[in-house]
$ cat protein-v9.cif   # mmCIF, C-alpha atoms
data_coords
#
loop_
_atom_site.label_atom_id
_atom_site.label_comp_id
_atom_site.auth_asym_id
_atom_site.auth_seq_id
_atom_site.Cartn_x
_atom_site.Cartn_y
_atom_site.Cartn_z
CA MET A 57 -3.37 23.87 0.98
CA ASN A 58 -2.63 22.87 4.59
CA LYS A 59 -5.68 21.91 6.67
CA ASP A 60 -6.11 21.71 10.42
CA LEU A 61 -7.85 18.38 11.17
CA THR A 62 -8.52 19.39 14.79
CA THR A 63 -11.45 21.67 13.96
CA GLY A 64 -14.82 21.09 12.32
CA LYS A 65 -17.25 18.19 12.46
CA PRO A 66 -15.13 14.98 12.41
CA GLU A 67 -17.29 13.22 9.82
CA THR A 68 -17.14 16.17 7.42
CA VAL A 69 -13.41 16.67 8.02
CA LEU A 70 -12.64 13.00 7.32
CA TRP A 71 -14.79 12.85 4.19
CA ARG A 72 -13.10 15.90 2.72
CA PHE A 73 -9.65 14.68 3.72
CA CYS A 74 -9.96 10.96 2.91
CA LEU A 75 -11.83 10.98 -0.40
CA PRO A 76 -8.91 12.56 -2.29
CA LEU A 77 -6.66 9.99 -0.59
CA PHE A 78 -8.94 7.25 -1.90
CA GLY A 79 -8.73 8.74 -5.39
CA SER A 80 -4.96 9.01 -5.08
CA VAL A 81 -4.47 5.37 -4.22
CA LEU A 82 -6.71 4.31 -7.08
CA PHE A 83 -4.39 6.11 -9.44
CA GLN A 84 -1.37 4.71 -7.59
CA GLN A 85 -2.66 1.21 -8.21
CA LEU A 86 -3.09 2.04 -11.88
CA TYR A 87 0.71 1.79 -12.10
CA ASN A 88 0.66 -1.89 -11.20
CA ILE A 89 -2.64 -2.63 -12.89
CA ALA A 90 -1.37 -1.02 -16.09
CA ASP A 91 1.77 -3.17 -15.95
CA SER A 92 -0.25 -6.37 -15.59
CA LEU A 93 -2.88 -5.31 -18.08
CA VAL A 94 -0.43 -4.40 -20.84
CA ALA A 95 1.69 -7.50 -20.15
CA GLY A 96 -1.32 -9.81 -20.22
CA LYS A 97 -3.07 -8.24 -23.20
CA TYR A 98 -0.12 -7.58 -25.49
CA LEU A 99 2.48 -10.14 -24.38
CA GLY A 100 0.41 -13.07 -23.14
CA GLU A 101 -0.27 -15.23 -20.10
CA ASN A 102 3.39 -15.96 -19.36
CA ALA A 103 4.27 -12.25 -19.32
CA LEU A 104 1.42 -11.58 -16.90
CA ALA A 105 2.67 -14.38 -14.64
CA ALA A 106 6.21 -12.92 -14.80
CA VAL A 107 5.06 -9.45 -13.76
CA GLY A 108 2.88 -10.98 -11.03
CA ASN A 109 5.81 -12.95 -9.63
CA SER A 110 8.06 -9.89 -9.55
CA TYR A 111 5.31 -7.80 -7.99
CA GLU A 112 5.22 -9.97 -4.86
CA ILE A 113 8.92 -9.25 -4.30
CA THR A 114 8.58 -5.52 -5.03
CA LEU A 115 6.13 -5.39 -2.12
CA ILE A 116 9.09 -5.91 0.22
CA PHE A 117 10.66 -2.67 -1.03
CA ILE A 118 7.30 -0.91 -0.98
CA ALA A 119 7.02 -1.93 2.69
CA PHE A 120 10.13 0.10 3.57
CA ALA A 121 8.88 3.10 1.59
CA PHE A 122 5.52 2.80 3.36
CA GLY A 123 7.27 2.75 6.75
CA CYS A 124 9.15 5.95 5.94
CA ASN A 125 5.89 7.50 4.76
CA ILE A 126 3.81 6.65 7.82
CA GLY A 127 6.60 7.29 10.36
CA CYS A 128 7.25 10.77 9.00
CA SER A 129 3.56 11.45 8.44
CA VAL A 130 2.39 10.59 11.97
CA ILE A 131 5.13 12.61 13.69
CA VAL A 132 4.76 15.58 11.32
CA ALA A 133 0.99 15.55 11.89
CA ARG A 134 1.49 15.52 15.66
CA LEU A 135 3.98 18.40 15.53
CA TYR A 136 1.70 20.31 13.16
CA GLY A 137 -1.25 19.78 15.51
CA SER A 138 0.79 21.14 18.43
CA LYS A 139 2.10 24.01 16.21
CA SER A 140 5.76 22.99 16.71
CA TYR A 141 6.68 24.08 13.19
CA ARG A 142 10.47 24.20 13.48
CA GLU A 143 10.60 20.66 14.86
CA MET A 144 8.17 19.61 12.16
CA LYS A 145 10.56 20.77 9.42
CA THR A 146 13.49 19.02 11.08
CA ALA A 147 11.45 15.79 11.19
CA VAL A 148 10.98 16.04 7.42
CA TYR A 149 14.67 16.65 6.69
CA THR A 150 15.70 13.84 9.06
CA THR A 151 13.39 11.38 7.31
CA MET A 152 14.75 12.31 3.89
CA LEU A 153 18.39 11.85 4.92
CA VAL A 154 17.84 8.50 6.59
CA SER A 155 15.62 7.29 3.74
CA ALA A 156 18.35 8.02 1.20
CA VAL A 157 20.76 5.75 3.09
CA LEU A 158 18.14 3.02 3.51
CA CYS A 159 17.27 3.20 -0.17
CA ALA A 160 20.91 2.68 -1.19
CA VAL A 161 21.14 -0.42 1.00
CA LEU A 162 17.95 -1.87 -0.48
CA ILE A 163 19.12 -1.30 -4.06
CA LEU A 164 22.32 -3.21 -3.31
CA PHE A 165 20.34 -6.02 -1.67
CA GLY A 166 17.92 -6.22 -4.58
CA MET A 167 20.61 -6.40 -7.22
CA LEU A 168 22.51 -9.13 -5.36
CA CYS A 169 19.56 -11.25 -4.24
CA GLY A 170 16.81 -10.65 -6.83
CA GLU A 171 17.18 -13.94 -8.70
CA THR A 172 17.55 -15.88 -5.45
CA LEU A 173 14.24 -14.47 -4.22
CA LEU A 174 12.55 -15.39 -7.50
CA ARG A 175 13.83 -18.95 -7.26
CA LEU A 176 12.73 -19.19 -3.63
CA ILE A 177 9.12 -18.68 -4.73
CA HIS A 178 9.46 -21.47 -7.31
CA THR A 179 9.28 -19.14 -10.32
CA GLN A 180 8.81 -21.34 -13.38
CA ASP A 181 11.77 -21.53 -15.78
CA GLU A 182 9.75 -20.19 -18.70
CA ILE A 183 9.08 -16.87 -16.92
CA LEU A 184 12.25 -16.52 -14.81
CA ALA A 185 14.17 -14.29 -17.24
CA ASP A 186 11.28 -11.84 -17.70
CA SER A 187 10.60 -11.79 -13.95
CA ARG A 188 14.23 -10.92 -13.22
CA ARG A 189 14.34 -8.27 -15.94
CA TYR A 190 11.22 -6.54 -14.57
CA LEU A 191 12.51 -6.74 -10.98
CA ASP A 192 15.95 -5.26 -11.79
CA ILE A 193 14.48 -2.19 -13.49
CA TYR A 194 12.01 -1.71 -10.64
CA ILE A 195 14.84 -1.80 -8.09
CA PHE A 196 16.72 0.96 -9.93
CA GLY A 197 13.66 3.15 -9.47
CA LEU A 198 13.50 2.74 -5.67
CA PRO A 199 14.66 6.33 -4.93
CA PHE A 200 11.61 7.62 -6.82
CA LEU A 201 9.34 5.27 -4.86
CA PHE A 202 10.80 6.31 -1.49
CA PHE A 203 10.83 10.07 -1.91
CA TYR A 204 7.46 10.18 -3.59
CA ASN A 205 5.94 8.30 -0.64
CA ILE A 206 7.63 10.62 1.85
CA ALA A 207 6.34 13.68 -0.01
CA THR A 208 2.75 12.41 -0.11
CA GLY A 209 2.96 11.51 3.57
CA ILE A 210 4.01 15.05 4.42
CA PHE A 211 1.15 16.54 2.40
CA SER A 212 -1.30 14.25 4.23
CA ALA A 213 0.18 15.19 7.62
CA LEU A 214 -0.44 18.85 6.78
CA GLY A 215 -4.07 18.03 5.99
CA ASP A 216 -3.61 18.33 2.21
CA SER A 217 -4.84 15.23 0.41
CA ARG A 218 -5.60 16.97 -2.91
CA THR A 219 -2.08 17.76 -4.11
CA PRO A 220 -0.95 14.09 -4.14
CA PHE A 221 -4.15 13.24 -5.99
CA PHE A 222 -3.33 15.62 -8.84
CA PHE A 223 0.23 14.31 -9.14
CA LEU A 224 -0.93 10.70 -9.24
CA ALA A 225 -3.77 11.28 -11.65
CA ALA A 226 -1.44 12.80 -14.23
CA SER A 227 1.43 10.33 -13.80
CA SER A 228 -0.79 7.22 -13.75
CA VAL A 229 -2.55 8.12 -16.97
CA ALA A 230 0.84 8.87 -18.52
CA ASN A 231 2.12 5.49 -17.31
CA ILE A 232 -0.62 3.63 -19.17
CA LEU A 233 0.16 5.46 -22.40
CA VAL A 234 3.92 4.95 -22.06
CA ASP A 235 3.37 1.26 -21.21
CA ILE A 236 1.52 0.75 -24.47
CA LEU A 237 4.09 2.78 -26.44
CA PHE A 238 7.09 0.86 -25.08
CA VAL A 239 5.47 -2.58 -25.47
CA THR A 240 3.60 -2.25 -28.77
CA GLY A 241 5.44 0.59 -30.51
CA LEU A 242 9.03 -0.05 -29.42
CA GLN A 243 8.62 -3.83 -28.91
CA MET A 244 10.46 -3.76 -25.56
CA GLY A 245 8.54 -6.67 -24.02
CA VAL A 246 8.27 -7.00 -20.23
CA ALA A 247 11.21 -4.60 -19.83
CA GLY A 248 9.12 -1.90 -21.53
CA VAL A 249 6.45 -2.25 -18.85
CA ALA A 250 9.06 -1.73 -16.13
CA TRP A 251 10.79 1.21 -17.86
CA ALA A 252 7.45 2.98 -18.31
CA THR A 253 6.83 2.82 -14.56
CA PHE A 254 10.40 3.95 -13.87
CA LEU A 255 10.05 7.01 -16.10
CA CYS A 256 6.61 8.17 -14.97
CA GLN A 257 7.24 7.57 -11.28
CA GLY A 258 10.54 9.45 -11.52
CA ILE A 259 8.87 12.54 -12.96
CA SER A 260 6.06 12.50 -10.37
CA CYS A 261 8.61 12.04 -7.56
CA LEU A 262 10.66 15.03 -8.66
CA LEU A 263 7.60 17.28 -8.90
CA ALA A 264 6.20 16.09 -5.55
CA VAL A 265 9.47 16.70 -3.66
CA ILE A 266 9.83 20.20 -5.14
CA ALA A 267 6.23 20.99 -4.20
CA VAL A 268 6.58 19.75 -0.62
CA LEU A 269 9.80 21.71 -0.04
CA LYS A 270 8.08 24.86 -1.28
CA ARG A 271 5.13 24.14 1.01
CA LEU A 272 7.41 23.74 4.02
CA ALA A 273 9.20 26.99 3.17
CA GLY A 274 5.85 28.75 3.51
CA VAL A 275 5.20 27.43 7.03
CA PRO A 276 6.31 30.03 9.62
CA ALA A 277 8.85 28.85 12.20
CA GLU A 278 10.92 30.57 14.87
CA GLY A 279 14.53 30.17 13.80
CA LYS A 280 16.15 27.90 11.24
CA ALA A 281 15.23 24.22 11.37
CA ALA A 282 18.08 21.73 11.85
CA LEU A 283 18.75 19.25 9.05
CA PHE A 284 18.95 16.28 11.40
CA SER A 285 17.76 15.40 14.89
CA PHE A 286 18.49 12.09 16.60
CA PRO A 287 15.64 12.51 19.17
CA LEU A 288 13.18 13.12 16.32
CA LEU A 289 14.62 10.17 14.40
CA LYS A 290 13.87 7.97 17.42
CA ARG A 291 10.27 9.24 17.51
CA ILE A 292 9.88 8.60 13.79
CA ALA A 293 11.49 5.16 14.10
CA VAL A 294 9.02 4.12 16.82
CA ILE A 295 6.28 4.43 14.19
CA ALA A 296 8.26 3.64 11.04
CA ILE A 297 10.09 0.46 12.06
CA PRO A 298 7.00 -1.48 13.21
CA SER A 299 5.21 -0.32 10.04
CA MET A 300 8.13 -1.51 7.91
CA LEU A 301 8.27 -4.83 9.75
CA GLN A 302 4.53 -5.24 9.43
CA GLN A 303 4.52 -4.63 5.70
CA SER A 304 7.75 -6.57 5.15
CA PHE A 305 6.52 -9.66 6.95
CA ILE A 306 3.24 -9.44 5.09
CA SER A 307 5.25 -9.32 1.86
CA VAL A 308 7.37 -12.29 2.94
CA GLY A 309 4.17 -14.12 3.80
CA ASN A 310 2.77 -13.30 0.38
CA ILE A 311 5.98 -14.57 -1.20
CA ILE A 312 5.61 -17.87 0.65
CA ILE A 313 2.00 -18.08 -0.51
CA GLN A 314 3.13 -17.20 -4.05
CA GLY A 315 5.50 -20.19 -3.91
CA VAL A 316 2.60 -22.47 -2.95
CA ILE A 317 0.50 -21.04 -5.78
CA ASN A 318 3.31 -21.44 -8.33
CA ASP A 319 3.32 -25.17 -7.60
CA CYS A 320 -0.24 -25.25 -9.02
CA GLY A 321 1.01 -24.32 -12.51
CA VAL A 322 1.32 -21.24 -14.75
CA GLY A 323 -2.44 -21.08 -15.35
CA VAL A 324 -3.24 -20.66 -11.65
CA THR A 325 -0.29 -18.27 -11.28
CA ALA A 326 -1.69 -16.08 -14.07
CA GLY A 327 -5.23 -16.19 -12.66
CA TYR A 328 -3.93 -15.27 -9.21
CA ALA A 329 -1.77 -12.48 -10.70
CA ALA A 330 -4.90 -10.89 -12.19
CA ALA A 331 -7.11 -11.45 -9.12
CA ILE A 332 -4.51 -10.29 -6.61
CA LYS A 333 -4.13 -7.01 -8.51
CA LEU A 334 -7.85 -6.43 -8.09
CA ASN A 335 -7.62 -7.43 -4.42
CA ASN A 336 -4.61 -5.21 -3.76
CA LEU A 337 -6.41 -2.29 -5.38
CA VAL A 338 -9.05 -2.57 -2.66
CA ILE A 339 -6.76 -3.38 0.27
CA THR A 340 -4.28 -0.64 -0.60
CA SER A 341 -7.13 1.85 -0.97
CA PHE A 342 -8.50 0.95 2.45
CA THR A 343 -5.00 1.02 3.96
CA THR A 344 -4.52 4.53 2.61
CA LEU A 345 -7.80 5.61 4.18
CA GLY A 346 -6.49 4.07 7.41
CA ASN A 347 -3.36 6.20 7.01
CA GLY A 348 -5.58 9.25 6.67
CA ILE A 349 -7.27 8.31 9.93
CA SER A 350 -3.78 7.97 11.47
CA ASN A 351 -3.01 11.56 10.47
CA TYR A 352 -6.38 12.72 11.82
CA THR A 353 -5.75 10.85 15.09
CA SER A 354 -2.21 12.17 15.42
CA GLN A 355 -3.16 15.83 14.83
CA ASN A 356 -5.96 15.61 17.40
CA LEU A 357 -3.72 13.79 19.85
CA GLY A 358 -1.13 16.54 19.45
CA ALA A 359 -3.84 19.10 20.19
CA GLY A 360 -5.12 17.08 23.19
CA LEU A 361 -8.58 16.48 21.67
CA LEU A 362 -9.22 12.85 22.61
CA PRO A 363 -13.05 12.86 22.17
CA ARG A 364 -12.56 13.75 18.49
CA ILE A 365 -10.61 10.50 18.01
CA LYS A 366 -13.66 8.44 19.00
CA GLU A 367 -15.86 10.44 16.66
CA GLY A 368 -13.29 10.02 13.91
CA PHE A 369 -13.32 6.23 14.30
CA LYS A 370 -17.08 6.08 13.85
CA ALA A 371 -16.93 8.40 10.85
CA GLY A 372 -14.09 6.36 9.35
CA VAL A 373 -16.06 3.10 9.58
CA LYS A 374 -19.08 4.72 7.95
CA LEU A 375 -16.95 6.15 5.15
CA ILE A 376 -15.05 2.96 4.41
CA TRP A 377 -18.14 0.74 4.39
CA LEU A 378 -19.95 3.07 2.00
CA LEU A 379 -17.00 2.75 -0.36
CA CYS A 380 -16.77 -0.99 0.25
CA ALA A 381 -20.33 -1.92 -0.73
CA PRO A 382 -20.18 -1.13 -4.49
CA ILE A 383 -16.72 -2.73 -4.79
CA VAL A 384 -17.95 -6.02 -3.31
CA LEU A 385 -20.98 -6.05 -5.60
CA LEU A 386 -18.82 -5.32 -8.65
CA TYR A 387 -16.28 -8.05 -7.87
CA LEU A 388 -18.97 -10.66 -7.26
CA ALA A 389 -21.07 -9.76 -10.30
CA ALA A 390 -18.27 -9.22 -12.82
CA ALA A 391 -15.47 -11.50 -11.61
CA ARG A 392 -15.10 -13.34 -14.93
CA TYR A 393 -14.86 -10.14 -16.97
CA LEU A 394 -12.47 -8.48 -14.52
CA VAL A 395 -10.04 -11.42 -14.54
CA ALA A 396 -10.30 -11.85 -18.32
CA PHE A 397 -9.60 -8.12 -18.75
CA PHE A 398 -5.98 -8.75 -17.77
CA ILE A 399 -5.27 -11.73 -20.05
CA GLU A 400 -5.39 -12.07 -23.84
CA LYS A 401 -7.00 -15.46 -24.64
CA PRO A 402 -6.91 -16.73 -21.04
CA SER A 403 -6.95 -20.43 -20.30
CA GLU A 404 -9.99 -21.79 -18.47
CA LEU A 405 -7.76 -22.61 -15.48
CA ALA A 406 -6.54 -19.00 -15.26
CA LEU A 407 -10.11 -17.70 -15.44
CA SER A 408 -11.62 -20.13 -12.95
CA SER A 409 -8.86 -19.77 -10.36
CA GLY A 410 -8.91 -15.96 -10.52
CA MET A 411 -12.72 -15.83 -10.29
CA GLN A 412 -12.74 -18.23 -7.38
CA PHE A 413 -10.29 -16.04 -5.47
CA LEU A 414 -12.58 -13.00 -5.83
CA PHE A 415 -15.68 -14.98 -4.84
CA VAL A 416 -13.97 -16.13 -1.63
CA VAL A 417 -12.34 -12.88 -0.46
CA ALA A 418 -14.60 -10.06 -1.71
CA PRO A 419 -17.43 -10.51 0.85
CA PHE A 420 -14.84 -10.14 3.62
CA TYR A 421 -13.77 -6.66 2.52
CA PHE A 422 -16.21 -5.34 5.12
CA VAL A 423 -14.26 -7.25 7.78
CA VAL A 424 -10.75 -6.21 6.75
CA SER A 425 -11.81 -2.58 6.21
CA LEU A 426 -13.03 -2.38 9.82
CA LYS A 427 -9.66 -3.72 10.96
CA LEU A 428 -7.81 -1.11 8.90
CA VAL A 429 -9.80 1.77 10.42
CA ALA A 430 -9.01 0.52 13.93
CA ASP A 431 -5.37 0.07 12.89
CA GLY A 432 -5.31 3.66 11.66
CA VAL A 433 -6.31 4.94 15.10
CA LEU A 434 -3.84 2.65 16.89
CA ARG A 435 -0.98 3.75 14.65
CA GLY A 436 -1.88 7.43 14.88
CA ALA A 437 -1.90 7.13 18.67
CA GLY A 438 1.50 5.40 18.63
CA LEU A 439 0.11 2.08 19.98
CA MET A 440 2.40 0.06 17.74
CA LYS A 441 2.66 -3.13 19.84
CA ARG A 442 -1.09 -3.65 19.67
CA PHE A 443 -1.16 -2.73 16.00
CA MET A 444 1.57 -5.26 15.21
CA ALA A 445 0.01 -8.02 17.32
CA ALA A 446 -3.16 -7.99 15.23
CA THR A 447 -1.28 -7.69 11.96
CA PHE A 448 1.11 -10.56 12.66
CA THR A 449 -1.76 -12.77 13.74
CA ASP A 450 -3.40 -12.18 10.36
CA LEU A 451 -0.15 -12.93 8.55
CA VAL A 452 0.70 -16.12 10.42
CA LEU A 453 -2.81 -17.48 10.02
CA ARG A 454 -2.88 -16.76 6.29
CA VAL A 455 0.52 -18.34 5.60
CA VAL A 456 0.05 -21.44 7.75
CA LEU A 457 -3.51 -22.05 6.59
CA ALA A 458 -2.56 -21.51 2.92
CA ILE A 459 0.08 -24.25 3.19
CA LEU A 460 -2.14 -26.65 5.14
CA LEU A 461 -5.32 -26.10 3.16
CA ALA A 462 -3.51 -26.33 -0.19
CA GLU A 463 -2.73 -29.96 0.57
CA ARG A 464 -6.40 -30.73 1.19
CA ALA A 465 -8.33 -28.47 -1.20
CA GLY A 466 -5.82 -27.20 -3.78
CA TYR A 467 -5.84 -23.53 -4.64
CA LEU A 468 -9.36 -23.10 -3.21
CA GLY A 469 -7.87 -23.90 0.19
CA ILE A 470 -5.22 -21.21 -0.33
CA TRP A 471 -7.89 -18.60 -1.07
CA CYS A 472 -9.80 -19.49 2.14
CA ALA A 473 -6.81 -18.47 4.27
CA TRP A 474 -7.47 -14.77 3.56
CA PRO A 475 -10.92 -14.37 5.20
CA ILE A 476 -9.92 -16.45 8.23
CA GLY A 477 -6.83 -14.32 8.91
CA TRP A 478 -8.72 -11.09 8.34
CA SER A 479 -11.58 -12.05 10.68
CA VAL A 480 -9.40 -12.99 13.65
CA ALA A 481 -7.18 -9.92 13.24
CA MET A 482 -10.19 -7.61 12.96
CA VAL A 483 -11.53 -8.81 16.32
CA MET A 484 -8.13 -8.12 17.89
CA SER A 485 -7.70 -4.62 16.39
CA VAL A 486 -11.19 -3.47 17.37
CA ALA A 487 -10.73 -4.89 20.88
CA PHE A 488 -7.43 -3.00 21.26
CA TYR A 489 -9.08 0.21 20.05
CA ARG A 490 -12.01 -0.13 22.46
CA LYS A 491 -9.71 -0.90 25.38
CA GLN A 492 -7.68 2.25 24.77
CA PHE A 493 -10.43 4.71 23.92
CA GLY A 494 -13.35 3.38 25.94
CA LYS A 495 -16.26 1.04 25.34
CA SER A 496 -18.44 4.01 24.51
CA ALA A 497 -16.47 4.30 21.22
#
$ encode --input "protein-v9.cif" --output "structure tokens"
Amino acid sequence: MNKDLTTGKPETVLWRFCLPLFGSVLFQQLYNIADSLVAGKYLGENALAAVGNSYEITLIFIAFAFGCNIGCSVIVARLYGSKSYREMKTAVYTTMLVSAVLCAVLILFGMLCGETLLRLIHTQDEILADSRRYLDIYIFGLPFLFFYNIATGIFSALGDSRTPFFFLAASSVANILVDILFVTGLQMGVAGVAWATFLCQGISCLLAVIAVLKRLAGVPAEGKAALFSFPLLKRIAVIAIPSMLQQSFISVGNIIIQGVINDCGVGVTAGYAAAIKLNNLVITSFTTLGNGISNYTSQNLGAGLLPRIKEGFKAGVKLIWLLCAPIVLLYLAAARYLVAFFIEKPSELALSSGMQFLFVVAPFYFVVSLKLVADGVLRGAGLMKRFMAATFTDLVLRVVLAILLAERAGYLGIWCAWPIGWSVAMVMSVAFYRKQFGKSA
């Protein structure tokens, strides 16, 4: 059901809109968590390290899908808020056509350069073959990743955060079951983990695209919408390209950091692979809530309701911190059990390194979540230069400090780079937000 985010009490509107988004991203992360969990539990520490290595590279491709999602979503939300329904439909069709071309290019790149990327991050010889096998299968499934993300972005732009939740809940649970079947029943090894994701994500993508096309057909518009518009593509690109670059450079930064971590040995790589899944579950969840705030901001900007944007920022911070508190407590209290949950008979090095990562970064979830709310407003308002400035500062600090601190304090130094980067970038994002929307915000 489409929902107008320009009416009603902002706090109530955001709670009702963002909570299903939060649930959706939890199920989305179950895909990756299930892969690591099944690999670690049924195939061992090396298999977990192999999946973890490949995952860092898959984030590059996810970055492009995310850019298509947020670029389409922000513009569709703005057109929906201004009731420009025919242009809104054209924006959707334009995004789909361009995304298909982009996806084909990325598949070709991935197939030609996958092993080179794995070697660049110093993937150990004993896990290289499994890492490449997982990555190749994942790359073949990129069309499902792209069009599913576009479909969920459109639903969110229309104020519907429940439909994506139902799709993800069903497909994520199915993915866990198929993972176990392919690995334990059919003895497919790491490849079975990848094929399970491929199959389940493909089905959910097909259903989501059909549903979104039906939803668009029900939106009244004067005249037939064009299949492509270059002016609309430019508007989408203004949001999408910086978002792609942001996520891509973050992924490249993570790959560099992964290379530094791999030099610490397979045990640390496995511990990090488990801990980073838990970290990414939180960060991706908060980023998705930030995307929801972008849609809220964009709809209200389209309707000319600027005071509601300030109210939405305050409500977003309250919402995200209430969700943050129990997560931080859980990660600090149960770090050992959470890391061990991913690995069958983990080594003490894998356990200690993974636990240490959570102890260092978890308290700073309050900091990074505040940044992501401010980023959501900046992106929804189209203030991409400011958004990117804060994000790149975070990235550069984390990469440079990880390399420098690793020489002095080992992997503990690498972990410390996260909170420093987050803290500086948060100050910048909030300052940019306050400058644009007033100190009274």
$ resolve_selection --input "protein-v9.cif" --expression "the PyMOL selection byres ((chain A and resi 255) around 12)" --output "NGL selection string"
:A and (87 or 193-194 or 196-198 or 200-201 or 227-228 or 230-235 or 238 or 248-254 or 256-262)
$ resolve_selection --input "protein-v9.cif" --expression "the PyMOL selection byres ((chain A and resi 425-427) around 9)" --output "PyMOL selection string"
chain A and resi 339+342-343+346+372-373+376-377+380+420-424+428-432+446+478-479+481-486
$ resolve_selection --input "protein-v9.cif" --expression "the PyMOL selection byres ((chain A and resi 457-468) around 10)" --output "number ranges by chain"
A: 312-317, 319-320, 324, 328, 409, 412-413, 416, 451-456, 469-474, 476-477
$ closest_atom_pairs --input "protein-v9.cif" --of "region 138-223 of chain A" --to "region 286-307 of chain A" --cutoff "10 Å" --atoms "only C-alpha atoms" --output "CSV"
residue,atom,partner,partner_atom,distance
A:Glu143,CA,A:Leu288,CA,8.1
A:Met144,CA,A:Leu288,CA,9.2
A:Thr146,CA,A:Leu288,CA,7.9
A:Ala147,CA,A:Leu288,CA,6.0
A:Val148,CA,A:Leu288,CA,9.6
A:Thr150,CA,A:Leu289,CA,6.6
A:Thr151,CA,A:Leu289,CA,7.3
A:Val154,CA,A:Leu289,CA,8.6
$ residues_around --input "protein-v9.cif" --residues "Val130 (chain A)" --least-positions-apart "5" --cutoff "9 Å" --atoms "all atoms listed in the file" --output "list in words"
Asn125, Leu135, Gly209, Ile210, Ala213, Ile292, Ile295, Asn347, Ser350, Asn351, Thr353, Ser354, Gln355, Arg435, Gly436, Ala437 and Gly438 of chain A
$ atom_distance --input "protein-v9.cif" --atom1 "CA of Pro363 (chain A)" --atom2 "CA of Ser129 (chain A)"
21.6 Å
$ residues_around --input "protein-v9.cif" --residues "Ser408 (chain A)" --least-positions-apart "5" --cutoff "10 Å" --atoms "all atoms listed in the file" --output "list in words"
Gly323, Val324, Gly327, Tyr328, Ala391, Arg392, Val395, Ala396, Pro402, Ser403 and Phe413 of chain A
$ residues_around --input "protein-v9.cif" --residues "Ala185 (chain A)" --least-positions-apart "2" --cutoff "12 Å" --atoms "all atoms listed in the file" --output "list of chain:residue names"
A:Asn102, A:Ala103, A:Ala105, A:Ala106, A:Val107, A:Asn109, A:Ser110, A:Gly170, A:Glu171, A:Leu174, A:Arg175, A:Thr179, A:Gln180, A:Asp181, A:Glu182, A:Ile183, A:Ser187, A:Arg188, A:Arg189, A:Tyr190, A:Leu191, A:Asp192, A:Gly245, A:Val246, A:Ala247
$ atom_distance --input "protein-v9.cif" --atom1 "CA of Phe117 (chain A)" --atom2 "CA of Val161 (chain A)"
10.9 Å
$ atom_distance --input "protein-v9.cif" --atom1 "CA of Phe222 (chain A)" --atom2 "CA of Pro76 (chain A)"
9.1 Å
$ residues_around --input "protein-v9.cif" --residues "Glu278 (chain A)" --least-positions-apart "3" --cutoff "10 Å" --atoms "only C-alpha atoms" --output "ChimeraX atom specification"
/A:140-143,281
$ closest_residue --input "protein-v9.cif" --among "A:Gly348, A:Leu394, A:Leu375, A:His178" --to "Gly321 (chain A)" --atoms "all atoms listed in the file"
A:His178
$ decode --input "protein-v9.cif" --residues "region 422-432 of chain A" --atoms "N, CA and C atoms" --output "PDB file, in the first residue's frame"
ATOM      1  N   PHE A 422      26.371   4.189  18.512  1.00  0.00           N
ATOM      2  CA  PHE A 422      25.587   5.404  18.735  1.00  0.00           C
ATOM      3  C   PHE A 422      26.131   6.560  17.888  1.00  0.00           C
ATOM      4  N   VAL A 423      27.438   6.594  17.705  1.00  0.00           N
ATOM      5  CA  VAL A 423      28.075   7.654  16.926  1.00  0.00           C
ATOM      6  C   VAL A 423      27.763   7.497  15.439  1.00  0.00           C
ATOM      7  N   VAL A 424      28.013   6.301  14.898  1.00  0.00           N
ATOM      8  CA  VAL A 424      27.821   6.101  13.465  1.00  0.00           C
ATOM      9  C   VAL A 424      26.345   6.166  13.084  1.00  0.00           C
ATOM     10  N   SER A 425      25.447   5.771  13.998  1.00  0.00           N
ATOM     11  CA  SER A 425      24.018   5.839  13.689  1.00  0.00           C
ATOM     12  C   SER A 425      23.550   7.283  13.561  1.00  0.00           C
ATOM     13  N   LEU A 426      24.093   8.177  14.383  1.00  0.00           N
ATOM     14  CA  LEU A 426      23.762   9.602  14.267  1.00  0.00           C
ATOM     15  C   LEU A 426      24.232  10.139  12.913  1.00  0.00           C
ATOM     16  N   LYS A 427      25.423   9.735  12.503  1.00  0.00           N
ATOM     17  CA  LYS A 427      25.931  10.140  11.189  1.00  0.00           C
ATOM     18  C   LYS A 427      25.003   9.680  10.076  1.00  0.00           C
ATOM     19  N   LEU A 428      24.515   8.436  10.161  1.00  0.00           N
ATOM     20  CA  LEU A 428      23.699   7.881   9.090  1.00  0.00           C
ATOM     21  C   LEU A 428      22.325   8.543   8.999  1.00  0.00           C
ATOM     22  N   VAL A 429      21.794   9.020  10.123  1.00  0.00           N
ATOM     23  CA  VAL A 429      20.539   9.781  10.078  1.00  0.00           C
ATOM     24  C   VAL A 429      20.771  11.116   9.378  1.00  0.00           C
ATOM     25  N   ALA A 430      21.843  11.806   9.753  1.00  0.00           N
ATOM     26  CA  ALA A 430      22.159  13.077   9.087  1.00  0.00           C
ATOM     27  C   ALA A 430      22.427  12.852   7.597  1.00  0.00           C
ATOM     28  N   ASP A 431      23.131  11.773   7.272  1.00  0.00           N
ATOM     29  CA  ASP A 431      23.384  11.446   5.864  1.00  0.00           C
ATOM     30  C   ASP A 431      22.078  11.222   5.107  1.00  0.00           C
ATOM     31  N   GLY A 432      21.115  10.582   5.764  1.00  0.00           N
ATOM     32  CA  GLY A 432      19.829  10.326   5.128  1.00  0.00           C
ATOM     33  C   GLY A 432      19.134  11.614   4.718  1.00  0.00           C
TER      34      GLY A 432
END
